[in-house]
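Structure, as structure tokens:
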Amino acid sequence: MPTEQSRRTVCVIPGDDAAPEAMDATLDALRVLELPVDFDIVPTGAELAPIPEVEREQFLREHIDAADGVLFGSTNGTTGGVTYMRWGKGTFANVRPIRWRPGYRSPLADPAGIDYVIVRENLEDAYIGIMGDVEDIRRAGLAGPRARLAYEGEGRYAVKIITRQGTENVARFSLELARKRRGKLTVSAKTNMLPKTDRYFCEIVAEVAQDYPDVEFEQFIIDDMAHRLVLRPHGLDVVLLPNLYGDVLSDEGAATLGGMGLAPSGCYGHDFAYFESAHGTAPDIVGQGIINPTATMLSAVMLLEHLGFGDAAHRLDTAVSDVYAAGEALTPDQGGTAGTADFAAAVVAELRR
């Protein structure tokens, strides 16, 4: 275990709606580990809401910058800091593990053995935020044969950008991850219809993959990839996708396990990382004490691994698995009747064994 001289500071941003309930449950488990970690817990979104947005963002930036890592809940837009952690800090790789555990309520007939990771490029593609009216393109004379009908009348557009540097960054990250896992990388995009962006993305990844001869490389069109996540998930290891497809297909992957309540994630840059559940804020169940904290707990596992607390990460990961295997303290989304606090108590009990 690290010494007192290697203490870490984790900024905890609870988030909005029911997300703070999942965060409280996760902190209960983290404190049992008795690590040399100081948790800097900022207010919830509801508590931050009265603060003017500019001041709120500055407040969060100061806490984020002072931390060695961030554990983030989920936001409905009230809690800030996300844009700064993502684009301001350049966290280009969004890692979303898809791993089935006994006790997960999977809709698949045979989910046992599903264990792969989706790496989503996190900064580019259609998420760069350049959008507008079609009239702007029409005036610029950027019409093509397939766009003729779209240019007639009112319409909107969104720009999709793929860069070589951005793709090389996430490709090397993914290949290094594959090398640490089972040694296989799968890349996918809509290469047949979008050669200037999607085919370009895959071509760059294939180029970078030549530097990793020990990693098996394969490529599929995104339609086929969506199909494989359901019918052939057991053969996957690391799956690299552009931003938009990675966002959508990682939710599909979570569904094959048993739902978004089981979906952790981590966002990594060259010198900063933050960790968050992949699900939303669950406003429909806020205050009911039944949100599943599994995704947040498993995001905390990723955080601990990032900070160098590998043994503690393994303990928490194993404790979560043991609670699911026992099946006695599961939340309603997993077919149980336990509340969030009950699930957390069960995990804490496993940690104390």
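Chain lettering (A, B, ...) mirrors the order of the structure tokens, residue numbering begins at 1 for each chain separately, and ligand numbering begins at 1 in order of display.
Residues surrounding Asp311 of chain A within 12 Å are A:Met1, A:Pro2, A:Leu33, A:Leu35, A:Val301, A:Met302, A:Leu304, A:Glu305, A:His306, A:Leu307, A:Arg315, A:Leu316, A:Asp317, A:Thr318 [only C-alpha atoms; sequence separation below 4 positions excluded].
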Would you write out those residues with C-alpha atoms, as a tab-separated table (two decimals), in the first residue's frame?
chain	number	residue	atom	x	y	z
A	1	MET	CA	0.00	0.00	0.00
A	2	PRO	CA	1.31	3.52	-0.80
A	33	LEU	CA	-10.56	0.61	2.15
A	35	LEU	CA	-6.48	4.37	1.62
A	301	VAL	CA	-12.45	0.78	-9.28
A	302	MET	CA	-11.04	2.31	-12.46
A	304	LEU	CA	-8.17	3.40	-7.94
A	305	GLU	CA	-6.32	1.52	-10.67
A	306	HIS	CA	-5.38	4.84	-12.27
A	307	LEU	CA	-4.04	6.18	-8.96
A	315	ARG	CA	-10.86	-5.74	-3.45
A	316	LEU	CA	-13.69	-3.38	-4.39
A	317	ASP	CA	-14.23	-5.07	-7.74
A	318	THR	CA	-14.38	-8.49	-6.06
### Message
I'd like the contact shell of Pro242 of chain A - 9 Å cut-off, only C-alpha atoms, skipping same-chain residues fewer than 5 positions apart - returned as a ChimeraX atom specification.
### Response
/A:119-122,124-125,162,167,187-189,198,201,247
### Task
Find the residues near segment 8-14 of chain A: any atom within 10 Å, counting only C-alpha atoms, skip ones fewer than 2 places away on the same chain, and give them as an MDAnalysis selection string.
chainID A and resid 2 4:6 16:24 27 35:45 60 63:75 79:81 274:276 303:304 307:308
### Query
Using only C-alpha atoms, which residues sit within 12 Å of Leu236 of chain A once same-chain residues fewer than 4 positions away are excluded, as number ranges by chain?
A: 97-99, 113-118, 178, 181-187, 216-219, 225, 228-232, 240, 253
Go ahead and save the picked residues with C-alpha atoms, as a PDB file, in the first residue's frame.
ATOM      1  CA  PRO A  97     -15.759  -1.846 -19.897  1.00  0.00           C
ATOM      2  CA  ILE A  98     -18.411  -4.411 -20.864  1.00  0.00           C
ATOM      3  CA  ARG A  99     -17.973  -7.349 -18.491  1.00  0.00           C
ATOM      4  CA  GLY A 113     -17.591 -14.844 -20.404  1.00  0.00           C
ATOM      5  CA  ILE A 114     -18.447 -11.484 -21.993  1.00  0.00           C
ATOM      6  CA  ASP A 115     -15.449  -9.291 -21.178  1.00  0.00           C
ATOM      7  CA  TYR A 116     -14.382  -6.545 -23.544  1.00  0.00           C
ATOM      8  CA  VAL A 117     -13.732  -2.818 -23.503  1.00  0.00           C
ATOM      9  CA  ILE A 118     -15.088  -0.135 -25.803  1.00  0.00           C
ATOM     10  CA  ALA A 178      -5.136  -4.441 -25.966  1.00  0.00           C
ATOM     11  CA  ARG A 181      -5.416  -7.506 -22.064  1.00  0.00           C
ATOM     12  CA  ARG A 182      -5.804 -10.372 -24.537  1.00  0.00           C
ATOM     13  CA  GLY A 183      -3.996  -8.801 -27.477  1.00  0.00           C
ATOM     14  CA  LYS A 184      -6.772  -7.990 -29.925  1.00  0.00           C
ATOM     15  CA  LEU A 185      -8.073  -4.683 -31.310  1.00  0.00           C
ATOM     16  CA  THR A 186     -11.273  -4.276 -33.314  1.00  0.00           C
ATOM     17  CA  VAL A 187     -11.981  -0.976 -35.069  1.00  0.00           C
ATOM     18  CA  GLU A 216      -4.328  -8.962 -33.545  1.00  0.00           C
ATOM     19  CA  PHE A 217      -6.182  -6.377 -35.655  1.00  0.00           C
ATOM     20  CA  GLU A 218      -9.594  -6.562 -37.294  1.00  0.00           C
ATOM     21  CA  GLN A 219     -12.066  -4.124 -38.815  1.00  0.00           C
ATOM     22  CA  MET A 225     -20.300  -4.177 -35.223  1.00  0.00           C
ATOM     23  CA  ARG A 228     -21.681  -8.545 -33.209  1.00  0.00           C
ATOM     24  CA  LEU A 229     -22.133  -6.888 -29.816  1.00  0.00           C
ATOM     25  CA  VAL A 230     -25.270  -8.969 -29.388  1.00  0.00           C
ATOM     26  CA  LEU A 231     -24.524 -12.197 -31.254  1.00  0.00           C
ATOM     27  CA  ARG A 232     -20.728 -12.534 -30.976  1.00  0.00           C
ATOM     28  CA  LEU A 240     -12.143   1.241 -30.829  1.00  0.00           C
ATOM     29  CA  GLY A 253     -23.092  -3.289 -24.818  1.00  0.00           C
TER      30      GLY A 253
END
#### Entry: Residues of segment 127-307 of chain A in alpha helix (DSSP H), written as a PyMOL selection string
chain A and resi 134-140+164-180+200-209+222-231+243-257+294-307
### Residue with smallest distance to Val159 of chain A - pool A:Leu177, A:Ala140, A:Val134, A:Val32, counting only C-alpha atoms
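Under the stated criterion, the closest residue is A:Val134.
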### Query
From the list A:Gly103, A:Asn243, A:Arg172, A:Ile221, which residue is nearest Leu330 of chain A when using only C-alpha atoms?
A:Gly103
### Query
Between A:Lys89, A:Arg7, A:Lys190, A:Arg199, which one has atoms that come closest to Glu34 of chain A, using only C-alpha atoms?
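With only C-alpha atoms as the atom set, the closest residue is A:Arg7.
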### Query
Residues at most 6 Å from segment 289-300 of chain A, counting only C-alpha atoms, excluding those fewer than 5 positions away in the same chain, as a list in words?
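Near segment 289-300 of chain A, the qualifying residues are Ala22, Thr26, Gly261, Leu262, Ala263, Pro264, Ser265, Phe275, Glu276, Ser277, Thr331, Gly339 and Thr340 of chain A.
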### Task
Apply DSSP to the structure's backbone, then extract all residues of segment 76-127 of chain A labelled strand (DSSP E or B) and return them as a ChimeraX atom specification.
/A:93-99,115-121,125
Restrict the selected residues to C-alpha atoms and save them as a PDB file, in the first residue's frame.
ATOM      1  CA  ALA A  93     -10.057   8.229 -24.653  1.00  0.00           C
ATOM      2  CA  ASN A  94     -13.354   7.244 -23.065  1.00  0.00           C
ATOM      3  CA  VAL A  95     -12.982   3.679 -21.761  1.00  0.00           C
ATOM      4  CA  ARG A  96     -16.208   1.733 -21.163  1.00  0.00           C
ATOM      5  CA  PRO A  97     -15.759  -1.846 -19.897  1.00  0.00           C
ATOM      6  CA  ILE A  98     -18.411  -4.411 -20.864  1.00  0.00           C
ATOM      7  CA  ARG A  99     -17.973  -7.349 -18.491  1.00  0.00           C
ATOM      8  CA  ASP A 115     -15.449  -9.291 -21.178  1.00  0.00           C
ATOM      9  CA  TYR A 116     -14.382  -6.545 -23.544  1.00  0.00           C
ATOM     10  CA  VAL A 117     -13.732  -2.818 -23.503  1.00  0.00           C
ATOM     11  CA  ILE A 118     -15.088  -0.135 -25.803  1.00  0.00           C
ATOM     12  CA  VAL A 119     -12.689   2.756 -26.288  1.00  0.00           C
ATOM     13  CA  ARG A 120     -14.562   5.761 -27.594  1.00  0.00           C
ATOM     14  CA  GLU A 121     -12.626   8.651 -29.140  1.00  0.00           C
ATOM     15  CA  ASP A 125     -16.436  13.507 -34.647  1.00  0.00           C
TER      16      ASP A 125
END
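Closest approach to Thr256 of chain A among A:Glu328, A:Asp110, A:Glu350, A:Glu203 is made by A:Asp110 (distances from only C-alpha atoms).
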### Task
Please provide the set of residues having any atom within 10 Å of Thr91 of chain A, restricted to only C-alpha atoms, with same-chain residues fewer than 3 positions apart removed, written as a count of residues only.
19
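Residues within 8 Å of Gln334 of chain A, counting only C-alpha atoms and excluding same-chain residues fewer than 6 positions away, are A:Tyr104, A:Arg105, A:Gly258.
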With N, CA and C atoms kept, could you save the residues just selected as a PDB file, in the first residue's frame?
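Saved the output as out14.pdb:
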ATOM      1  N   TYR A 104     -25.811 -10.576 -12.788  1.00  0.00           N
ATOM      2  CA  TYR A 104     -26.314  -9.523 -13.666  1.00  0.00           C
ATOM      3  C   TYR A 104     -27.550 -10.042 -14.408  1.00  0.00           C
ATOM      4  N   ARG A 105     -28.527  -9.189 -14.587  1.00  0.00           N
ATOM      5  CA  ARG A 105     -29.789  -9.586 -15.223  1.00  0.00           C
ATOM      6  C   ARG A 105     -29.706  -9.380 -16.744  1.00  0.00           C
ATOM      7  N   GLY A 258     -27.193  -6.152 -18.737  1.00  0.00           N
ATOM      8  CA  GLY A 258     -28.311  -6.008 -17.818  1.00  0.00           C
ATOM      9  C   GLY A 258     -28.737  -4.582 -17.583  1.00  0.00           C
TER      10      GLY A 258
END
